[in-house]
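Note: the block below is data-v2.txt and it holds compact mmCIF, C-alpha atoms.
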# COMPACT_ATOMS: atom_id res chain seq x y z
CA MET O 1 112.06 90.84 82.28
CA SER O 2 109.37 93.31 81.25
CA THR O 3 110.08 96.94 80.32
CA LEU O 4 110.43 99.35 83.24
CA ASN O 5 108.32 102.44 82.53
CA ILE O 6 108.51 105.62 84.60
CA GLY O 7 107.13 108.70 82.87
CA ASN O 8 108.14 108.25 79.25
CA LEU O 9 111.42 106.65 80.35
CA LYS O 10 111.59 103.07 79.12
CA LEU O 11 114.34 100.81 80.43
CA GLU O 12 115.10 97.39 79.01
CA PRO O 13 117.64 95.03 80.64
CA GLY O 14 121.20 96.20 79.96
CA GLN O 15 120.12 99.67 78.84
CA ARG O 16 120.68 103.32 79.71
CA ALA O 17 118.02 105.83 78.74
CA ARG O 18 116.71 109.35 79.27
CA GLY O 19 113.18 110.66 79.41
CA VAL O 20 110.87 113.06 81.15
CA LEU O 21 108.16 112.90 83.76
CA GLY O 22 104.95 114.83 83.16
CA THR O 23 104.10 117.81 80.99
CA PHE O 24 103.13 121.12 82.51
CA TYR O 25 102.59 124.50 80.89
CA GLN O 26 103.70 127.97 81.90
CA SER O 27 101.49 130.97 81.26
CA ASP O 28 103.20 131.68 77.91
CA GLY O 29 102.49 128.13 76.76
CA THR O 30 106.04 126.84 77.33
CA LYS O 31 106.19 123.14 78.20
CA VAL O 32 108.00 122.07 81.37
CA SER O 33 108.84 118.49 82.37
CA ILE O 34 110.91 116.75 85.03
CA PRO O 35 114.09 115.30 83.46
CA LEU O 36 114.60 111.57 84.05
CA MET O 37 117.60 109.32 83.49
CA GLY O 38 118.16 105.68 84.28
CA VAL O 39 120.22 102.55 83.91
CA ARG O 40 119.04 98.96 84.13
CA GLY O 41 121.16 95.91 84.69
CA LYS O 42 120.91 92.66 82.82
CA GLN O 43 120.15 90.86 86.08
CA GLU O 44 117.07 91.02 88.29
CA GLY O 45 117.14 93.32 91.27
CA PRO O 46 115.36 96.22 93.00
CA VAL O 47 114.43 99.59 91.50
CA LEU O 48 116.23 102.41 93.32
CA TRP O 49 114.87 105.95 92.88
CA LEU O 50 117.21 108.94 93.28
CA SER O 51 116.03 112.55 93.22
CA ALA O 52 117.39 116.00 93.96
CA ALA O 53 116.40 119.69 93.78
CA MET O 54 112.89 119.22 95.12
CA HIS O 55 113.71 122.66 96.49
CA GLY O 56 115.35 124.75 93.80
CA GLN O 57 118.16 126.15 95.93
CA GLU O 58 119.40 122.73 97.09
CA LEU O 59 121.88 121.80 94.40
CA SER O 60 124.58 119.34 95.53
CA GLY O 61 122.35 116.29 95.06
CA ILE O 62 122.04 117.01 91.33
CA PRO O 63 125.56 115.83 90.38
CA VAL O 64 125.20 112.90 92.79
CA VAL O 65 122.35 111.60 90.62
CA TRP O 66 124.33 112.31 87.44
CA GLU O 67 127.46 110.55 88.68
CA ILE O 68 125.72 107.46 90.01
CA ILE O 69 123.85 106.82 86.77
CA LYS O 70 126.48 107.97 84.26
CA GLN O 71 129.76 106.93 85.91
CA HIS O 72 129.21 104.34 88.62
CA THR O 73 126.75 101.85 87.16
CA ASP O 74 127.53 99.17 84.60
CA PRO O 75 124.49 97.58 82.93
CA ASP O 76 126.46 94.36 82.48
CA THR O 77 126.94 93.87 86.22
CA LEU O 78 124.18 95.95 87.85
CA ARG O 79 121.38 94.00 89.49
CA GLY O 80 118.12 95.90 89.18
CA ALA O 81 117.73 99.50 88.04
CA VAL O 82 118.53 103.05 89.14
CA VAL O 83 116.17 105.82 88.04
CA GLY O 84 117.08 109.43 88.72
CA ALA O 85 115.29 112.77 88.66
CA PRO O 86 118.16 115.26 89.14
CA ILE O 87 115.83 118.30 89.08
CA LEU O 88 112.62 117.15 90.74
CA ASN O 89 110.90 120.55 90.79
CA PRO O 90 111.97 122.45 87.64
CA PHE O 91 109.74 125.41 88.54
CA SER O 92 111.43 125.91 91.89
CA PHE O 93 114.83 125.29 90.28
CA ASN O 94 114.29 127.84 87.51
CA GLY O 95 112.98 130.36 90.03
CA ARG O 96 115.96 129.67 92.35
CA THR O 97 113.48 129.44 95.21
CA TYR O 98 112.54 127.03 97.98
CA PHE O 99 108.87 127.10 96.98
CA THR O 100 107.13 126.69 93.64
CA PRO O 101 106.94 130.32 92.44
CA GLU O 102 103.67 129.87 90.57
CA ASP O 103 101.57 129.10 93.65
CA GLY O 104 103.89 129.59 96.65
CA TYR O 105 103.65 126.02 97.98
CA ASN O 106 106.41 123.75 99.28
CA VAL O 107 106.03 120.53 97.29
CA ASN O 108 107.32 118.53 100.26
CA ARG O 109 104.33 119.52 102.38
CA VAL O 110 101.49 118.59 100.00
CA PHE O 111 102.05 114.88 99.27
CA PRO O 112 100.32 112.79 97.97
CA GLY O 113 99.06 115.81 96.06
CA ASP O 114 96.13 116.12 93.69
CA PRO O 115 96.21 115.55 89.91
CA ASN O 116 93.55 118.27 89.51
CA GLY O 117 94.88 120.69 92.09
CA LEU O 118 97.31 123.60 92.06
CA LEU O 119 100.62 123.18 90.23
CA THR O 120 102.58 122.07 93.31
CA HIS O 121 99.88 119.56 94.24
CA ARG O 122 99.97 118.17 90.69
CA LEU O 123 103.75 117.84 90.89
CA ALA O 124 103.52 116.00 94.22
CA ASN O 125 100.87 113.63 92.89
CA LEU O 126 102.91 112.86 89.78
CA ILE O 127 106.02 112.17 91.86
CA TYR O 128 104.01 109.95 94.17
CA GLU O 129 102.41 107.93 91.37
CA GLU O 130 105.57 107.52 89.30
CA ALA O 131 108.40 107.50 91.85
CA VAL O 132 107.00 106.15 95.10
CA THR O 133 104.66 103.51 93.70
CA LYS O 134 107.03 102.20 91.00
CA SER O 135 110.25 102.05 93.06
CA ASP O 136 111.37 99.58 95.70
CA TYR O 137 113.73 101.96 97.55
CA LEU O 138 114.10 105.75 97.45
CA ILE O 139 116.75 108.36 98.25
CA ASP O 140 115.85 112.05 98.03
CA PHE O 141 118.67 114.60 98.33
CA HIS O 142 118.21 117.93 100.07
CA CYS O 143 120.68 120.53 101.39
CA ASN O 144 120.98 122.51 104.60
CA VAL O 145 122.78 125.80 105.04
CA SER O 146 126.51 125.44 105.68
CA SER O 147 126.33 125.53 109.49
CA ALA O 148 125.10 121.94 109.73
CA MET O 149 126.20 118.34 109.89
CA TYR O 150 125.47 115.91 107.09
CA PHE O 151 122.55 113.72 108.15
CA SER O 152 119.91 111.37 106.85
CA ILE O 153 116.27 111.30 107.96
CA ILE O 154 114.07 108.24 108.30
CA LYS O 155 110.45 108.06 109.40
CA GLY O 156 108.38 105.37 111.04
CA SER O 157 108.61 102.97 113.96
CA GLU O 158 110.35 99.72 114.77
CA GLN O 159 107.06 97.91 114.15
CA GLU O 160 107.21 98.77 110.44
CA GLU O 161 109.28 96.70 108.04
CA ALA O 162 109.88 99.72 105.79
CA PHE O 163 111.32 101.64 108.73
CA ARG O 164 113.66 98.80 109.67
CA GLU O 165 114.86 98.61 106.07
CA SER O 166 115.24 102.40 105.95
CA ARG O 167 117.44 102.16 109.05
CA LYS O 168 119.65 99.58 107.34
CA MET O 169 119.93 101.85 104.29
CA ALA O 170 120.87 104.77 106.56
CA ASP O 171 123.48 102.69 108.36
CA ALA O 172 124.97 101.74 105.00
CA PHE O 173 124.92 105.34 103.73
CA GLY O 174 127.08 106.18 106.70
CA VAL O 175 126.21 109.71 107.88
CA THR O 176 124.44 110.76 111.09
CA THR O 177 120.92 109.31 111.10
CA ILE O 178 117.91 111.15 112.54
CA GLU O 179 114.72 109.22 113.30
CA MET O 180 111.84 111.63 112.94
CA ILE O 181 109.44 111.66 115.88
CA LEU O 182 106.20 113.44 115.02
CA LYS O 183 105.65 115.07 118.39
CA HIS O 184 108.84 117.08 117.89
CA GLU O 185 108.06 118.13 114.30
CA ALA O 186 104.29 117.95 113.86
CA HIS O 187 104.43 120.69 111.21
CA ARG O 188 106.53 118.54 108.86
CA THR O 189 103.76 116.47 107.32
CA GLY O 190 102.64 115.84 103.76
CA THR O 191 106.15 114.83 102.76
CA MET O 192 107.36 112.40 100.13
CA SER O 193 108.72 110.19 102.90
CA ASP O 194 105.30 110.18 104.64
CA GLU O 195 103.77 108.63 101.53
CA ALA O 196 106.67 106.23 101.04
CA ARG O 197 106.15 105.06 104.60
CA LYS O 198 102.42 104.51 104.02
CA ALA O 199 103.23 102.57 100.85
CA GLY O 200 105.73 100.39 102.72
CA LYS O 201 108.69 101.70 100.71
CA PRO O 202 112.03 102.20 102.51
CA MET O 203 113.29 105.75 101.96
CA LEU O 204 116.13 108.04 102.99
CA VAL O 205 116.04 111.83 102.97
CA LEU O 206 119.61 113.16 102.84
CA GLU O 207 120.62 116.58 104.08
CA LEU O 208 123.86 117.58 102.38
CA ILE O 209 125.56 120.96 102.86
CA PRO O 210 125.45 123.73 101.81
CA TRP O 211 122.66 124.99 99.59
CA ARG O 212 122.83 127.51 96.72
CA MET O 213 126.04 125.94 95.41
CA ILE O 214 127.47 122.57 94.41
CA TYR O 215 130.05 121.61 97.01
CA PRO O 216 132.56 118.90 95.95
CA GLU O 217 132.70 117.34 99.42
CA ALA O 218 128.90 117.03 99.46
CA VAL O 219 128.95 115.31 96.08
CA ARG O 220 131.59 112.86 97.29
CA VAL O 221 129.58 112.11 100.45
CA GLY O 222 126.41 111.63 98.40
CA VAL O 223 128.01 109.36 95.80
CA ARG O 224 129.86 107.30 98.41
CA GLY O 225 126.72 106.87 100.49
CA THR O 226 124.52 105.95 97.54
CA LEU O 227 127.00 103.33 96.36
CA ASN O 228 127.07 101.99 99.93
CA VAL O 229 123.28 101.63 99.84
CA MET O 230 123.48 99.88 96.47
CA LYS O 231 126.04 97.46 97.92
CA HIS O 232 123.75 96.84 100.89
CA LEU O 233 120.83 96.13 98.54
CA GLY O 234 122.91 93.70 96.51
CA MET O 235 122.71 95.85 93.38
CA ILE O 236 126.50 96.04 93.06
CA ASP O 237 129.35 94.11 94.63
CA GLY O 238 131.60 95.35 97.41
CA GLU O 239 131.64 96.43 101.02
CA PRO O 240 130.43 99.86 102.18
CA ASP O 241 133.12 102.58 102.39
CA PRO O 242 133.14 104.62 105.61
CA GLN O 243 132.27 108.32 105.48
CA ASP O 244 135.62 109.20 107.03
CA GLU O 245 135.76 112.61 105.35
CA ILE O 246 133.14 114.08 107.71
CA ASP O 247 132.04 113.97 111.34
CA VAL O 248 129.35 111.38 112.07
CA LEU O 249 127.24 110.87 115.21
CA GLY O 250 126.42 107.24 115.96
CA GLY O 251 123.57 105.54 117.76
CA ARG O 252 119.83 106.04 117.59
CA LEU O 253 119.09 109.75 117.45
CA SER O 254 116.10 111.99 116.92
CA ARG O 255 115.88 115.76 116.42
CA THR O 256 114.18 118.72 118.00
CA GLU O 257 114.07 122.36 116.93
CA LEU O 258 114.56 125.64 118.74
CA ASN O 259 112.53 128.71 117.73
CA VAL O 260 112.89 132.32 118.80
CA SER O 261 110.33 134.96 119.69
CA ARG O 262 112.45 138.07 119.27
CA GLY O 263 114.05 139.14 116.01
CA GLY O 264 117.66 139.99 115.31
CA LEU O 265 121.06 138.56 114.46
CA ILE O 266 122.08 135.19 115.90
CA ASP O 267 125.25 135.19 117.99
CA LYS O 268 126.36 131.55 118.11
CA PHE O 269 128.29 130.22 121.12
CA VAL O 270 128.71 126.57 120.09
CA ASP O 271 129.60 124.85 116.81
CA VAL O 272 127.76 122.14 114.91
CA GLY O 273 128.67 118.69 116.19
CA ASP O 274 129.39 120.01 119.70
CA ARG O 275 128.00 118.14 122.69
CA VAL O 276 125.37 120.21 124.52
CA GLU O 277 123.51 119.87 127.80
CA LYS O 278 119.92 120.66 128.68
CA GLY O 279 119.77 124.26 129.90
CA GLN O 280 123.05 125.22 128.21
CA LEU O 281 123.22 128.66 126.57
CA LEU O 282 123.84 128.01 122.86
CA GLY O 283 123.59 131.55 121.56
CA GLN O 284 121.64 134.78 121.72
CA VAL O 285 119.42 136.94 119.55
CA VAL O 286 121.00 140.38 119.26
CA ASP O 287 118.93 143.40 118.17
CA GLY O 288 119.85 146.21 115.81
CA TYR O 289 121.60 148.08 118.62
CA GLY O 290 123.85 145.12 119.40
CA GLU O 291 122.00 144.27 122.59
CA PRO O 292 121.05 140.67 123.54
CA VAL O 293 117.24 140.32 123.57
CA GLU O 294 116.71 136.53 123.82
CA ASP O 295 118.74 133.52 124.94
CA ILE O 296 118.87 130.35 122.85
CA VAL O 297 118.92 127.49 125.35
CA SER O 298 119.24 123.75 124.76
CA THR O 299 116.16 121.73 125.67
CA VAL O 300 117.96 118.35 125.55
CA ASP O 301 121.20 116.58 126.29
CA GLY O 302 122.66 115.87 122.87
CA TRP O 303 124.53 117.58 120.03
CA LEU O 304 124.09 120.68 117.94
CA LEU O 305 123.03 119.34 114.55
CA ALA O 306 122.55 122.62 112.66
CA TRP O 307 122.16 126.37 112.79
CA PRO O 308 119.48 126.37 110.05
CA MET O 309 119.10 130.09 109.36
CA ILE O 310 117.51 129.96 105.94
CA HIS O 311 118.27 133.43 104.58
CA ASN O 312 121.26 134.64 106.60
CA GLN O 313 122.37 134.83 110.21
CA ALA O 314 119.22 136.69 111.17
CA ALA O 315 115.86 135.49 112.45
CA GLY O 316 112.37 136.78 113.16
CA SER O 317 109.58 135.67 115.46
CA GLY O 318 108.92 131.94 115.13
CA ASP O 319 111.97 131.14 113.02
CA HIS O 320 113.91 127.92 113.56
CA VAL O 321 117.41 128.80 114.72
CA ALA O 322 118.85 125.47 115.90
CA PHE O 323 118.40 121.74 115.33
CA LEU O 324 119.46 119.50 118.19
CA ALA O 325 120.11 115.77 117.95
CA PHE O 326 119.45 113.69 121.04
CA PRO O 327 119.63 109.98 121.91
CA ILE O 328 116.48 107.88 121.70
CA GLU O 329 115.99 105.86 124.86
CA GLU O 330 115.87 102.16 123.99

Starting from the file, lay out its structure as structure tokens.
Amino acid sequence: MSTLNIGNLKLEPGQRARGVLGTFYQSDGTKVSIPLMGVRGKQEGPVLWLSAAMHGQELSGIPVVWEIIKQHTDPDTLRGAVVGAPILNPFSFNGRTYFTPEDGYNVNRVFPGDPNGLLTHRLANLIYEEAVTKSDYLIDFHCNVSSAMYFSIIKGSEQEEAFRESRKMADAFGVTTIEMILKHEAHRTGTMSDEARKAGKPMLVLELIPWRMIYPEAVRVGVRGTLNVMKHLGMIDGEPDPQDEIDVLGGRLSRTELNVSRGGLIDKFVDVGDRVEKGQLLGQVVDGYGEPVEDIVSTVDGWLLAWPMIHNQAAGSGDHVAFLAFPIEE
């Protein structure tokens, strides 16, 4: 077997190693790179990419990557390789922000990026060239605010082999699975999973909870699910373990979003995971005088997937205030 090279990480059969991906420079001349770590089995198998902290406030995926590579993989029995980038955007991570502070862009909206572009575009292009093109399967960990269910996201259609394989990975991972339908989320383009789909690479995006802190339950869910995927891919032995620590919605589901026009605090009437009906009042926007100024009404029959208030329980014009999961008609 030839050497596996990603960034300056070099993995030989039966070896663990560390390295970095890329070299960037801050305005004071300080070098910044993406940390890499990996383990390769002595037997042939797929290359599984794991990454976390693409957005610097989304932390629980970081120890998932650490634990999988350092504690749960044995080079003597592993088939294939696992390569991890626990802090995928070190600029966002160091700035404790969702965006790259240096240019204000969200790296997960500019893929496949540009090697000669702004910093975020260069990051995206490097991740695309080194992670997407050199891996066989990918899992990228994100985090929602605490008022949310755990869920995975897959993109594509039943006509695409990569989508069908992504669905099998999601089923193995074991949390609620959301199939992204562009007409409901046309603004969410230029993502890492968009480019994985185009390259024919099966990929999962995982939404753990919460952000801004490492939550032990989220780490357990992430590790259990990743090991389940590795079992499914034949990289390790064993049967998948159910995610019986959390609530899971089954079946084929997609997602839609609710936005508000008026600003204020969100008064929530239903909890995440609750069944909802089209036309049902889910909550209200309440102004600074404590008066309701806008109703939040379900547009589908389904379930409340998340109250995704990014900063706190307040919202302004155009903000997303609810994610709803709904069944896909076969």

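Interatomic distance, CA of Gln15 (chain O) to CA of Arg40 (chain O): 5.4 Å.
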
Problem set entry | Polymer residues at most 9 Å from Ala196 (chain O), all atoms listed in the file, same-chain spacing of 2 or more positions, as a list in words | Tyr128, Val132, Thr133, Tyr137, Leu138, Ala162, Thr191, Met192, Ser193, Asp194, Lys198, Ala199, Gly200, Lys201, Pro202 and Met203 of chain O

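Between CA of Lys42 (chain O) and CA of Val20 (chain O) lies a distance of 22.8 Å.
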
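One finds CA of Ile236 (chain O) at 24.3 Å from CA of Tyr150 (chain O).
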
For this session: Within 9 Å of region 263-272 of chain O, counting only C-alpha atoms, which residues show up once you throw out same-chain ones fewer than 4 positions away? Write them as a count of residues only, please.
Result: 32
